[in-house]
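**Q** Pasting entry07.txt here (compact mmCIF, C-alpha atoms):
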```txt
# COMPACT_ATOMS: atom_id res chain seq x y z
CA MET A 1 129.35 95.27 104.04
CA PRO A 2 125.85 94.77 105.50
CA GLY A 3 123.25 97.54 105.65
CA LYS A 4 123.62 98.91 102.12
CA ILE A 5 119.94 98.35 101.33
CA LYS A 6 118.77 100.29 104.38
CA LYS A 7 121.06 103.19 103.44
CA MET A 8 119.72 103.21 99.90
CA ILE A 9 116.11 103.19 101.12
CA ASP A 10 116.83 105.95 103.64
CA THR A 11 118.38 108.01 100.84
CA ILE A 12 115.28 107.64 98.68
CA ILE A 13 112.99 108.66 101.52
CA GLN A 14 115.19 111.57 102.61
CA GLN A 15 115.75 112.97 99.12
CA ARG A 16 112.14 112.69 98.04
CA SER A 17 110.48 113.84 101.27
CA ARG A 18 112.61 116.98 101.65
CA GLY A 19 111.80 116.97 105.37
CA SER A 20 108.04 116.47 105.02
CA SER A 21 106.74 113.65 107.21
CA ILE A 22 103.59 113.36 105.05
CA ILE A 23 105.65 112.81 101.90
CA ALA A 24 107.99 110.43 103.77
CA ASN A 25 104.99 108.28 104.74
CA THR A 26 103.69 108.33 101.18
CA ILE A 27 107.09 107.28 99.84
CA LYS A 28 107.15 104.42 102.34
CA VAL A 29 103.74 103.24 101.07
CA LYS A 30 104.97 103.53 97.46
CA LEU A 31 108.05 101.44 98.30
CA ILE A 32 105.94 98.73 99.93
CA LEU A 33 103.57 98.70 96.95
CA LYS A 34 106.68 98.18 94.79
CA GLY A 35 107.66 95.20 96.98
CA ILE A 36 110.31 96.81 99.19
CA ASN A 37 109.31 97.21 102.83
CA PRO A 38 111.64 99.73 104.53
CA ASP A 39 110.84 98.29 107.97
CA VAL A 40 112.35 94.92 107.03
CA PHE A 41 115.85 96.26 106.40
CA THR A 42 118.32 97.24 109.13
CA SER A 43 121.95 98.21 109.25
CA GLN A 44 122.68 94.50 109.76
CA SER A 45 120.71 93.27 106.72
CA ASP A 46 122.68 91.30 104.12
CA ASP A 47 123.57 93.11 100.90
CA ASN A 48 121.41 90.90 98.70
CA PRO A 49 122.48 91.86 95.14
CA LEU A 50 119.02 91.16 93.69
CA ILE A 51 117.37 93.51 96.17
CA ILE A 52 120.09 96.12 95.69
CA LYS A 53 119.38 96.02 91.96
CA ARG A 54 115.65 96.48 92.57
CA VAL A 55 116.20 99.40 94.94
CA GLU A 56 118.61 101.02 92.46
CA LYS A 57 115.88 100.80 89.79
CA ILE A 58 113.31 102.27 92.17
CA GLY A 59 115.76 105.08 92.92
CA ARG A 60 116.16 105.79 89.21
CA ASP A 61 112.37 105.76 88.73
CA PHE A 62 112.05 108.20 91.62
CA GLY A 63 114.78 110.42 90.18
CA VAL A 64 117.03 109.78 93.19
CA ASN A 65 120.70 108.82 93.18
CA VAL A 66 120.65 106.06 95.80
CA ASN A 67 124.42 106.02 96.16
CA ARG A 68 124.56 109.70 97.09
CA HIS A 69 124.14 109.36 100.85
CA SER A 70 126.20 110.36 103.81
CA GLY A 71 127.84 106.93 104.10
CA GLY A 72 129.14 106.95 100.51
CA TYR A 73 130.34 103.97 98.54
CA MET B 1 76.81 129.07 96.84
CA ASN B 2 80.19 127.75 95.70
CA ILE B 3 79.39 124.07 95.20
CA ILE B 4 76.22 122.65 93.75
CA THR B 5 75.04 119.08 93.19
CA ALA B 6 72.39 117.72 90.87
CA TYR B 7 71.09 114.35 89.78
CA SER B 8 68.58 112.88 87.43
CA THR B 9 66.87 109.52 87.21
CA GLN B 10 65.18 110.39 83.91
CA ASP B 11 65.30 107.72 81.23
CA ASN B 12 66.76 109.54 78.24
CA ILE B 13 69.69 111.87 77.92
CA GLU B 14 67.69 114.90 76.73
CA ASN B 15 65.52 114.76 79.87
CA VAL B 16 68.54 114.08 82.09
CA VAL B 17 70.28 117.16 80.74
CA LYS B 18 67.15 119.27 81.13
CA ASP B 19 66.76 118.02 84.69
CA ILE B 20 70.35 118.74 85.68
CA LYS B 21 70.31 122.12 83.96
CA GLN B 22 67.24 123.09 85.93
CA GLN B 23 68.89 122.14 89.24
CA MET B 24 72.18 123.85 88.40
CA GLY B 25 70.47 127.04 87.17
CA ASP B 26 72.97 129.66 86.00
CA PHE B 27 75.74 128.45 88.34
CA ASP B 28 79.09 129.74 87.09
CA ALA B 29 81.04 126.46 87.12
CA LYS B 30 84.80 126.24 86.90
CA MET B 31 84.85 122.43 87.23
CA VAL B 32 82.13 119.81 86.87
CA ILE B 33 82.51 116.15 87.77
CA PHE B 34 79.75 113.76 86.75
CA PHE B 35 79.08 110.04 86.91
CA ALA B 36 76.60 108.33 84.63
CA SER B 37 75.05 104.90 84.55
CA SER B 38 76.34 102.83 81.64
CA LYS B 39 72.80 102.72 80.25
CA PHE B 40 73.34 106.20 78.74
CA ASP B 41 75.07 106.48 75.38
CA PRO B 42 78.62 107.43 76.45
CA GLN B 43 79.52 109.88 73.67
CA ASN B 44 76.14 111.59 73.81
CA ILE B 45 76.19 112.13 77.59
CA ALA B 46 79.81 113.36 77.42
CA THR B 47 78.95 115.91 74.72
CA GLN B 48 75.75 117.07 76.39
CA MET B 49 77.38 117.56 79.78
CA GLN B 50 80.22 119.59 78.27
CA ASN B 51 77.74 121.66 76.23
CA MET B 52 75.89 122.48 79.42
CA PHE B 53 79.05 124.01 80.95
CA THR B 54 80.94 125.40 77.98
CA THR B 55 83.58 127.27 79.98
CA ALA B 56 84.16 124.64 82.68
CA SER B 57 86.47 121.61 82.87
CA VAL B 58 84.00 118.74 82.67
CA PHE B 59 84.98 115.13 83.31
CA GLY B 60 83.67 111.87 84.77
CA SER B 61 83.00 108.22 84.05
CA THR B 62 80.48 105.43 83.74
CA THR B 63 79.52 103.67 86.94
CA ALA B 64 78.20 100.61 88.70
CA GLY B 65 75.83 102.82 90.71
CA GLU B 66 75.85 106.50 91.60
CA ILE B 67 76.11 108.45 94.85
CA ILE B 68 74.68 111.90 95.52
CA SER B 69 74.15 113.69 98.86
CA GLY B 70 71.97 111.34 100.92
CA LYS B 71 71.27 108.81 98.19
CA MET B 72 72.66 105.69 96.55
CA LEU B 73 71.21 105.52 93.05
CA LYS B 74 71.13 103.29 89.98
CA ASN B 75 70.51 104.16 86.33
CA SER B 76 71.04 107.85 87.01
CA VAL B 77 73.43 110.71 86.31
CA VAL B 78 74.93 112.62 89.24
CA ALA B 79 77.01 115.79 89.06
CA MET B 80 78.84 118.26 91.24
CA ALA B 81 79.91 121.71 90.07
CA PHE B 82 82.46 123.99 91.73
CA ASN B 83 83.03 127.68 91.10
CA SER B 84 86.35 129.53 91.18
CA ASN B 85 86.01 130.29 94.91
CA ILE B 86 86.70 126.59 95.48
CA ILE B 87 88.77 125.59 92.45
CA GLY B 88 91.55 128.11 91.89
CA ASP B 89 92.79 126.24 88.86
CA VAL B 90 92.33 122.88 87.18
CA LYS B 91 93.81 121.02 84.23
CA VAL B 92 92.42 117.82 82.74
CA GLU B 93 94.55 115.44 80.70
CA VAL B 94 93.55 112.23 78.91
CA ILE B 95 95.88 109.24 78.59
CA GLU B 96 94.74 107.14 75.65
CA ASN B 97 95.89 103.69 74.60
CA LEU B 98 96.43 102.78 78.26
CA THR B 99 97.28 99.14 77.78
CA ASP B 100 100.09 99.79 75.29
CA LYS B 101 101.41 103.25 76.04
CA GLY B 102 100.07 104.12 79.47
CA VAL B 103 103.37 104.87 81.14
CA GLU B 104 104.49 107.19 78.32
CA GLY B 105 101.07 108.81 78.59
CA VAL B 106 101.70 109.69 82.24
CA GLU B 107 104.87 111.51 81.25
CA ILE B 108 103.07 113.40 78.47
CA ALA B 109 100.21 114.35 80.80
CA TYR B 110 102.65 115.52 83.47
CA THR B 111 104.53 117.64 80.95
CA ALA B 112 101.23 119.31 80.07
CA PHE B 113 100.55 119.95 83.78
CA GLU B 114 104.02 121.41 84.23
CA LYS B 115 103.57 123.73 81.28
CA TYR B 116 100.15 124.83 82.48
CA PHE B 117 100.97 125.38 86.16
CA GLY B 118 104.56 126.54 85.61
CA HIS B 119 106.13 124.13 88.13
CA SER B 120 107.73 120.73 87.82
CA MET B 121 105.57 117.87 89.11
CA GLN B 122 108.35 116.97 91.57
CA ALA B 123 108.38 120.48 93.01
CA LEU B 124 104.62 120.97 93.40
CA ASP B 125 103.54 121.79 96.94
CA VAL B 126 101.43 118.83 98.15
CA ASP B 127 99.50 121.14 100.46
CA LYS B 128 98.37 123.28 97.53
CA TYR B 129 97.77 120.73 94.78
CA VAL B 130 95.80 117.50 94.65
CA GLY B 131 94.89 115.13 91.84
CA MET B 132 92.09 112.89 90.72
CA VAL B 133 92.34 109.93 88.38
CA LEU B 134 89.63 107.95 86.59
CA PHE B 135 90.41 104.74 84.71
CA ASP B 136 88.66 102.63 82.14
CA GLY B 137 87.70 100.01 84.72
CA LEU B 138 88.33 97.07 82.40
CA SER B 139 91.78 98.16 81.22
CA GLY B 140 93.68 96.27 83.91
CA ALA B 141 96.30 99.04 83.68
CA GLU B 142 95.74 100.79 87.00
CA GLU B 143 98.79 99.45 88.87
CA ARG B 144 101.29 100.40 86.16
CA ILE B 145 99.85 103.86 85.69
CA LEU B 146 99.55 104.71 89.38
CA ASP B 147 103.06 103.39 89.99
CA ARG B 148 104.53 105.72 87.36
CA MET B 149 102.37 108.62 88.50
CA GLY B 150 103.75 108.17 92.01
CA ASP B 151 107.33 107.96 90.76
CA LEU B 152 107.14 111.39 89.17
CA THR B 153 105.32 113.43 91.80
CA ASP B 154 104.50 113.59 95.48
CA VAL B 155 101.11 115.17 94.78
CA ARG B 156 98.44 112.74 95.96
CA PHE B 157 95.91 111.43 93.48
CA VAL B 158 92.66 109.73 94.47
CA GLY B 159 90.06 108.24 92.20
CA GLY B 160 88.50 105.12 90.87
CA SER B 161 87.93 102.80 87.96
CA ALA B 162 84.82 103.26 85.84
CA GLY B 163 82.05 100.67 86.07
CA ASP B 164 79.34 99.41 83.77
CA ASP B 165 76.56 98.29 86.11
CA LEU B 166 78.22 94.89 86.61
CA LYS B 167 78.04 93.90 82.95
CA PHE B 168 81.87 93.88 82.67
CA GLU B 169 81.70 94.69 78.96
CA LYS B 170 82.61 98.35 78.34
CA THR B 171 83.52 101.15 80.69
CA TYR B 172 84.22 104.77 79.73
CA VAL B 173 85.88 107.85 81.11
CA TYR B 174 84.72 111.29 80.06
CA ALA B 175 86.60 114.53 79.44
CA ASN B 176 86.19 117.65 77.36
CA GLY B 177 83.00 116.43 75.70
CA ASN B 178 84.33 113.01 74.70
CA ALA B 179 83.97 109.44 75.94
CA TYR B 180 87.09 107.29 75.98
CA GLN B 181 87.83 103.58 76.35
CA ASN B 182 91.23 102.15 77.21
CA ALA B 183 92.02 105.54 78.73
CA ALA B 184 92.56 107.39 81.99
CA ILE B 185 91.62 110.92 82.97
CA LEU B 186 94.15 112.77 85.09
CA VAL B 187 93.02 115.94 86.81
CA LEU B 188 95.36 118.26 88.64
CA LEU B 189 93.64 120.74 90.93
CA LYS B 190 94.79 123.80 92.76
CA PRO B 191 91.93 124.33 95.19
CA SER B 192 91.44 127.79 96.67
CA ILE B 193 90.47 126.21 99.98
CA ASN B 194 91.84 123.54 102.28
CA PHE B 195 91.31 119.95 101.18
CA GLY B 196 91.91 116.45 102.50
CA LEU B 197 91.78 112.79 101.57
CA ILE B 198 89.96 109.91 103.20
CA LYS B 199 90.76 106.24 102.70
CA THR B 200 88.40 103.98 104.58
CA GLN B 201 87.88 100.25 104.50
CA SER B 202 85.97 98.10 106.92
CA PHE B 203 88.19 95.21 107.91
CA CYS B 204 90.18 94.01 110.86
CA GLN B 205 93.35 92.02 110.56
CA LEU B 206 93.29 88.33 111.51
CA SER B 207 96.39 86.42 112.60
CA GLN B 208 96.62 84.21 109.48
CA LYS B 209 99.31 85.26 106.99
CA LEU B 210 99.50 84.40 103.31
CA VAL B 211 102.78 84.90 101.50
CA ALA B 212 102.41 85.07 97.72
CA THR B 213 105.14 82.61 96.74
CA LYS B 214 104.22 82.25 93.06
CA VAL B 215 102.39 84.92 91.08
CA ASN B 216 101.36 85.76 87.55
CA GLU B 217 101.41 89.54 88.06
CA GLU B 218 100.22 90.37 84.58
CA ASN B 219 96.96 88.49 85.11
CA ARG B 220 96.50 89.53 88.76
CA THR B 221 96.66 85.82 89.62
CA VAL B 222 98.27 84.22 92.64
CA LEU B 223 99.35 80.69 91.80
CA GLU B 224 100.71 79.81 95.24
CA PHE B 225 100.38 81.12 98.79
CA ASN B 226 102.81 79.70 101.36
CA HIS B 227 104.16 77.33 98.64
CA LYS B 228 100.74 75.65 98.28
CA PRO B 229 98.13 76.05 95.55
CA ALA B 230 96.73 79.52 96.29
CA ALA B 231 93.07 78.54 96.64
CA LYS B 232 93.93 75.65 98.96
CA ALA B 233 96.10 77.87 101.18
CA TYR B 234 93.36 80.54 101.28
CA ALA B 235 90.72 77.92 102.21
CA GLU B 236 93.00 76.55 104.95
CA ALA B 237 93.56 80.03 106.34
CA ILE B 238 89.79 80.59 106.49
CA GLY B 239 89.18 77.11 107.89
CA THR B 240 86.88 76.02 105.10
CA SER B 241 86.85 73.65 102.12
CA LEU B 242 88.18 74.49 98.68
CA GLU B 243 84.62 74.30 97.33
CA GLU B 244 83.35 76.83 99.88
CA ALA B 245 86.35 79.20 99.72
CA SER B 246 84.94 81.64 97.16
CA ASN B 247 81.86 82.21 99.35
CA HIS B 248 84.20 83.91 101.83
CA PHE B 249 85.82 86.32 99.35
CA MET B 250 83.72 89.36 100.21
CA HIS B 251 83.87 88.86 103.97
CA ASN B 252 87.52 87.76 104.05
CA PRO B 253 89.73 89.47 101.46
CA ILE B 254 93.45 89.85 102.13
CA GLY B 255 95.43 92.98 102.84
CA LEU B 256 98.92 94.33 102.44
CA MET B 257 99.39 95.82 105.90
CA ILE B 258 101.17 99.17 106.05
CA ASP B 259 101.38 100.73 109.52
CA ASP B 260 98.48 98.53 110.64
CA GLU B 261 96.28 99.75 107.80
CA PRO B 262 95.18 97.31 105.08
CA TYR B 263 95.65 98.00 101.38
CA VAL B 264 92.95 95.54 100.38
CA ARG B 265 93.37 92.95 97.65
CA SER B 266 90.02 91.30 96.90
CA PRO B 267 89.85 87.80 95.44
CA MET B 268 87.61 87.59 92.37
CA GLN B 269 87.54 83.91 91.46
CA ILE B 270 89.24 80.54 91.78
CA LYS B 271 90.54 78.95 88.60
CA ASP B 272 92.53 75.70 88.63
CA GLU B 273 93.31 76.20 92.33
CA HIS B 274 94.76 79.64 91.53
CA VAL B 275 93.17 82.81 92.89
CA ILE B 276 92.48 85.71 90.53
CA PHE B 277 92.32 89.10 92.26
CA TYR B 278 90.75 92.46 91.41
CA CYS B 279 94.19 94.02 91.78
CA ASN B 280 97.78 92.95 91.63
CA VAL B 281 99.55 90.97 94.34
CA LEU B 282 103.34 91.07 94.10
CA GLU B 283 105.38 87.89 94.39
CA GLY B 284 106.95 87.71 97.84
CA ALA B 285 104.33 89.95 99.45
CA GLU B 286 103.15 88.97 102.90
CA LEU B 287 99.42 89.55 103.26
CA ALA B 288 97.09 89.33 106.20
CA LEU B 289 93.74 87.62 106.13
CA LEU B 290 91.07 90.24 106.85
CA GLU B 291 87.61 90.08 108.34
CA ALA B 292 84.79 92.47 107.52
CA THR B 293 83.62 95.02 110.08
CA ASP B 294 80.81 97.59 109.94
CA ILE B 295 80.91 99.79 106.80
CA ILE B 296 78.35 102.26 108.15
CA ALA B 297 80.04 102.79 111.52
CA ASP B 298 83.55 102.92 110.02
CA THR B 299 82.57 105.40 107.29
CA LYS B 300 80.80 107.67 109.79
CA GLN B 301 83.90 107.59 111.99
CA ALA B 302 86.25 108.33 109.08
CA ILE B 303 84.22 111.38 108.09
CA LYS B 304 83.89 112.53 111.70
CA ASP B 305 87.66 112.25 112.17
CA LYS B 306 88.36 114.23 109.00
CA GLU B 307 85.79 116.86 109.96
CA LYS B 308 87.51 117.23 113.34
CA GLU B 309 90.93 117.52 111.65
CA MET B 310 89.78 120.06 109.05
CA GLY B 311 87.22 121.98 111.09
CA SER B 312 84.44 121.43 108.54
CA ILE B 313 83.69 119.62 105.29
CA SER B 314 81.84 121.45 102.53
CA ALA B 315 81.95 118.75 99.83
CA ILE B 316 82.93 115.13 99.23
CA ILE B 317 83.83 113.24 96.06
CA ASN B 318 83.45 109.55 96.96
CA PHE B 319 85.04 106.72 94.97
CA HIS B 320 83.25 103.75 96.50
CA CYS B 321 84.08 100.15 95.69
CA ILE B 322 81.29 98.15 94.02
CA LEU B 323 82.03 95.28 96.44
CA ARG B 324 81.12 97.59 99.33
CA THR B 325 77.96 98.59 97.48
CA LEU B 326 77.07 94.92 96.95
CA GLU B 327 77.62 94.19 100.64
CA LEU B 328 75.44 97.15 101.63
CA GLU B 329 72.78 95.97 99.19
CA GLN B 330 72.85 92.42 100.57
CA LYS B 331 72.45 93.76 104.09
CA GLY B 332 69.73 96.26 103.14
CA LEU B 333 71.94 99.18 104.18
CA MET B 334 72.04 101.24 100.96
CA GLN B 335 69.76 103.96 102.32
CA GLU B 336 71.64 104.10 105.60
CA TYR B 337 74.96 104.51 103.76
CA GLY B 338 73.53 107.25 101.56
CA GLN B 339 72.25 109.05 104.66
CA ILE B 340 75.82 109.40 105.98
CA PHE B 341 76.23 112.01 103.24
CA ALA B 342 72.82 113.67 103.65
CA ASP B 343 74.19 116.84 105.24
CA ILE B 344 77.33 117.24 103.12
CA PRO B 345 77.18 117.94 99.37
CA THR B 346 78.48 114.66 97.94
CA VAL B 347 78.98 113.08 94.56
CA GLY B 348 80.43 109.67 93.81
CA PHE B 349 80.04 106.31 92.21
CA SER B 350 80.47 102.58 92.72
CA THR B 351 83.85 101.77 91.21
CA TYR B 352 85.68 98.77 89.79
CA GLY B 353 88.73 99.62 91.92
CA GLU B 354 89.97 102.59 93.90
CA ALA B 355 93.08 104.72 93.62
CA TYR B 356 95.02 105.87 96.65
CA ILE B 357 98.77 105.90 96.01
CA GLY B 358 98.23 102.48 94.42
CA HIS B 359 95.32 100.44 93.09
CA ILE B 360 93.20 98.98 95.90
CA ASN B 361 89.89 97.18 96.44
CA GLN B 362 86.94 97.16 98.86
CA THR B 363 87.77 100.69 99.93
CA ALA B 364 86.25 104.16 99.68
CA THR B 365 88.68 106.91 98.75
CA MET B 366 87.39 110.44 99.04
CA LEU B 367 88.52 113.94 98.17
CA VAL B 368 87.03 116.36 100.66
CA PHE B 369 86.96 120.15 100.74
CA GLU B 370 86.87 122.33 103.83
```
As structure tokens, please, write out the structure in this file.
**A**
Amino acid sequence: MPGKIKKMIDTIIQQRSRGSSIIANTIKVKLILKGINPDVFTSQSDDNPLIIKRVEKIGRDFGVNVNRHSGGY
Amino acid sequence: MNIITAYSTQDNIENVVKDIKQQMGDFDAKMVIFFASSKFDPQNIATQMQNMFTTASVFGSTTAGEIISGKMLKNSVVAMAFNSNIIGDVKVEVIENLTDKGVEGVEIAYTAFEKYFGHSMQALDVDKYVGMVLFDGLSGAEERILDRMGDLTDVRFVGGSAGDDLKFEKTYVYANGNAYQNAAILVLLKPSINFGLIKTQSFCQLSQKLVATKVNEENRTVLEFNHKPAAKAYAEAIGTSLEEASNHFMHNPIGLMIDDEPYVRSPMQIKDEHVIFYCNVLEGAELALLEATDIIADTKQAIKDKEKEMGSISAIINFHCILRTLELEQKGLMQEYGQIFADIPTVGFSTYGEAYIGHINQTATMLVFE
């Protein structure tokens, strides 16, 4: 199922920013500095298992459950 | 008066302290930040500065040049003191043994902040709290520490890496009357007034792209750009020879572009056709070749924009990259840069790297107060 990475990234940004656009922008910068550019991933992006693993780790580091989003898995 | 600055170009610490004491008078400081040339004995200056303000949180670092309202200095000590009308509360933590236990140190420091302020670092209101961070500038640990700091809080930290007047031998951070190596100082502030951050760099993006295809992240070394030896690919992007490539480093660093803004990565040297940087480049990162613009004009504009946004600026703490200072020096613009800050109480220093969310180069990051 394509688009899992985008959903995971959106979950991180949503959970951490708690509605603040300033924090959302900061989280985006942090993700890019960690090597994950949110703008690159769309709902059509392949579910690359290596990238999924990296985003899961980033989620853990951020204290966010990346699989707890509206889409569910 | 709620904020006061002082500086001294005296030769020995006793006279420096006397000089600064005279300028500060009986100011009731809650927080004092100071930056000292590496020519001064680090432990002695740390002790003397703390003794001068026994009830205040006193911290700082060694430098590669100092900045004080209107002036760019060398071989001096500069200081800025704030009273409780500006700094509602402040807590200073030291992370020691950065290279081995830095990440654990962040967690310990954050626990101390949480205990002191009574809130979890995740829950702190980013509009009410702001942080500063100072690193031993030769630790090479900045990326790891800032990464973990950013994982655990949304509070923004700005700062810089200590210098040693371009000797690249020993740099120190200061806190609570002590000088530390292989350490970082974390400061969490709850200002009583509005505050803001400035990140300014003077570069425009060129069309050439360099993708870091092979990297030794631990040594901040790019082995290959675009699947070619890194130095060769950089030289090709510039349109110059391999032999001439390093002469372009200052004018043409590379940048990780985020929303059209560069997070600058400055090349330091070429070794065996690899390029060693002043900060980490991640494998797979696409970077843009940059070209230098006008530091004076860009800095003036950045301050003007912030002043417009905030209404006024009453003080600036400026973490200013040594590479910018060297460029200003080469162009004979040191005085002109200093003059940008003539009308605003300012303290700062020339750093070996700047902190703004991550570790960056050839940038000035500033904490400003309304």
**Q** Please list as a list in words every residue within 12 Å of range 48-52 of chain A, counting all atoms listed in the file and excluding residues in the same chain fewer than 6 positions away.
**A** Met1, Pro2, Gly3, Lys4, Ile5, Lys6, Lys7, Met8, Ile9, Lys34, Gly35, Ile36, Asn37, Pro38, Phe41, Ile58, Gly59, Val66 and Asn67 of chain A
**Q** Distance CA of Phe40 in chain B-CA of Val94 in chain B, one decimal place?
**A** 21.1 Å
**Q** Take CA of Leu166 in chain B and CA of Thr63 in chain B and report the distance between them in Å, one decimal.
**A**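 Separating CA of Leu166 in chain B from CA of Thr63 in chain B is a distance of 8.9 Å.
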**Q** What's the 7 Å shell around range 13-25 of chain A, counting all atoms listed in the file, without same-chain residues fewer than 4 positions away, as a PyMOL selection string?
**A** (chain A and resi 9+29+64) or (chain B and resi 154)
**Q** Could you make a table, as JSON lines, of the residues of chain B that have an atom within 9 Å of an atom of chain A, each with its nearest atom pair and distance in Å to one decimal, counting all atoms listed in the file, in chain and number order?
**A**
```
{"residue": "B:Gln122", "atom": "CA", "partner": "A:Arg16", "partner_atom": "CA", "distance": 8.6}
{"residue": "B:Val126", "atom": "CA", "partner": "A:Ile23", "partner_atom": "CA", "distance": 8.3}
{"residue": "B:Asp147", "atom": "CA", "partner": "A:Lys30", "partner_atom": "CA", "distance": 7.7}
{"residue": "B:Arg148", "atom": "CA", "partner": "A:Asp61", "partner_atom": "CA", "distance": 8.0}
{"residue": "B:Gly150", "atom": "CA", "partner": "A:Lys30", "partner_atom": "CA", "distance": 7.3}
{"residue": "B:Asp151", "atom": "CA", "partner": "A:Phe62", "partner_atom": "CA", "distance": 4.8}
{"residue": "B:Leu152", "atom": "CA", "partner": "A:Phe62", "partner_atom": "CA", "distance": 6.3}
{"residue": "B:Thr153", "atom": "CA", "partner": "A:Phe62", "partner_atom": "CA", "distance": 8.5}
{"residue": "B:Asp154", "atom": "CA", "partner": "A:Ile23", "partner_atom": "CA", "distance": 6.6}
{"residue": "B:Val155", "atom": "CA", "partner": "A:Ile23", "partner_atom": "CA", "distance": 8.8}
{"residue": "B:Arg156", "atom": "CA", "partner": "A:Thr26", "partner_atom": "CA", "distance": 8.6}
{"residue": "B:Leu256", "atom": "CA", "partner": "A:Leu33", "partner_atom": "CA", "distance": 8.4}
{"residue": "B:Ile258", "atom": "CA", "partner": "A:Val29", "partner_atom": "CA", "distance": 6.9}
{"residue": "B:Leu282", "atom": "CA", "partner": "A:Gly35", "partner_atom": "CA", "distance": 6.6}
{"residue": "B:Glu283", "atom": "CA", "partner": "A:Gly35", "partner_atom": "CA", "distance": 8.1}
{"residue": "B:Gly284", "atom": "CA", "partner": "A:Gly35", "partner_atom": "CA", "distance": 7.6}
{"residue": "B:Ala285", "atom": "CA", "partner": "A:Gly35", "partner_atom": "CA", "distance": 6.7}
{"residue": "B:Ile357", "atom": "CA", "partner": "A:Lys30", "partner_atom": "CA", "distance": 6.8}
{"residue": "B:Gly358", "atom": "CA", "partner": "A:Leu33", "partner_atom": "CA", "distance": 7.0}
```
**Q** Range 310-315 of chain B, all listed atoms, 6 Å padding on each side: what axis-aligned box centre and edge lengths in Å to one decimal come out, as lines of an AutoDock Vina configuration file?
**A**
```
center_x = 85.8
center_y = 120.4
center_z = 105.5
size_x = 19.9
size_y = 15.2
size_z = 23.3
```
**Q** Do you know which residues are at most 9 Å from Asn219 in chain B counting only C-alpha atoms, after dropping those on the same chain fewer than 5 positions away, and could you put them as a PyMOL selection string?
**A** chain B and resi 140+276-277+280
**Q** Measure the distance from CA of Val187 in chain B to CA of Asp164 in chain B in Å and round it to one decimal.
**A** 21.7 Å
**Q** Could you list, as a PyMOL selection string, every residue within 8 Å of Arg265 in chain B, counting all atoms listed in the file and ignoring same-chain residues fewer than 4 positions away?
**A** chain B and resi 253-256+277-281+360-362
**Q** Measuring between only C-alpha atoms, which one of B:Lys30, B:Lys170, B:Lys228, B:Lys74 shows the shortest distance to Ser57 in chain B?
**A**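 Closest residue, counting only C-alpha atoms: B:Lys30.
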**Q** Excluding Gly70 in chain B and residues on its chain fewer than 6 positions from it, collect all residues at most 6 Å away from it, counting all atoms listed in the file, and give them as a count of residues only.
**A** 4
**Q** Check the smallest atom-to-atom distance from each of B:Tyr352, B:Asp125, B:Asp259, B:Ile340 to Asp298 in chain B using only C-alpha atoms, then report the winner.
**A**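 Nearest to Asp298 in chain B: B:Ile340.
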**Q** Using all atoms listed in the file for the distances, tell me which of B:Thr171, B:Glu286, B:Val275, B:Gln181 is nearest to Thr213 in chain B.
**A**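 Using all atoms listed in the file, Thr213 in chain B sits closest to B:Glu286.
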**Q** Go through B:Asp294, B:Ser120, B:Val77, B:Val133 one by one, measure the shortest atom-to-atom distance of each to Glu14 in chain B using only C-alpha atoms, and give the residue with the smallest value.
**A** B:Val77
**Q** Kindly extract all protein, DNA and RNA residues lying within 8 Å of the coordinates (86.3, 105.6, 99.3) given in the file, considering all atoms listed in the file, and supply them as a PDB file with C-alpha atoms, in the frame of the given file.
**A**
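Saved result, point25.pdb, follows:
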```
ATOM      1  CA  ILE B 198      89.960 109.910 103.200  1.00  0.00           C
ATOM      2  CA  LYS B 199      90.760 106.240 102.700  1.00  0.00           C
ATOM      3  CA  THR B 200      88.400 103.980 104.580  1.00  0.00           C
ATOM      4  CA  GLN B 201      87.880 100.250 104.500  1.00  0.00           C
ATOM      5  CA  ASN B 318      83.450 109.550  96.960  1.00  0.00           C
ATOM      6  CA  PHE B 319      85.040 106.720  94.970  1.00  0.00           C
ATOM      7  CA  HIS B 320      83.250 103.750  96.500  1.00  0.00           C
ATOM      8  CA  CYS B 321      84.080 100.150  95.690  1.00  0.00           C
ATOM      9  CA  GLU B 354      89.970 102.590  93.900  1.00  0.00           C
ATOM     10  CA  THR B 363      87.770 100.690  99.930  1.00  0.00           C
ATOM     11  CA  ALA B 364      86.250 104.160  99.680  1.00  0.00           C
ATOM     12  CA  THR B 365      88.680 106.910  98.750  1.00  0.00           C
ATOM     13  CA  MET B 366      87.390 110.440  99.040  1.00  0.00           C
TER      14      MET B 366
END
```
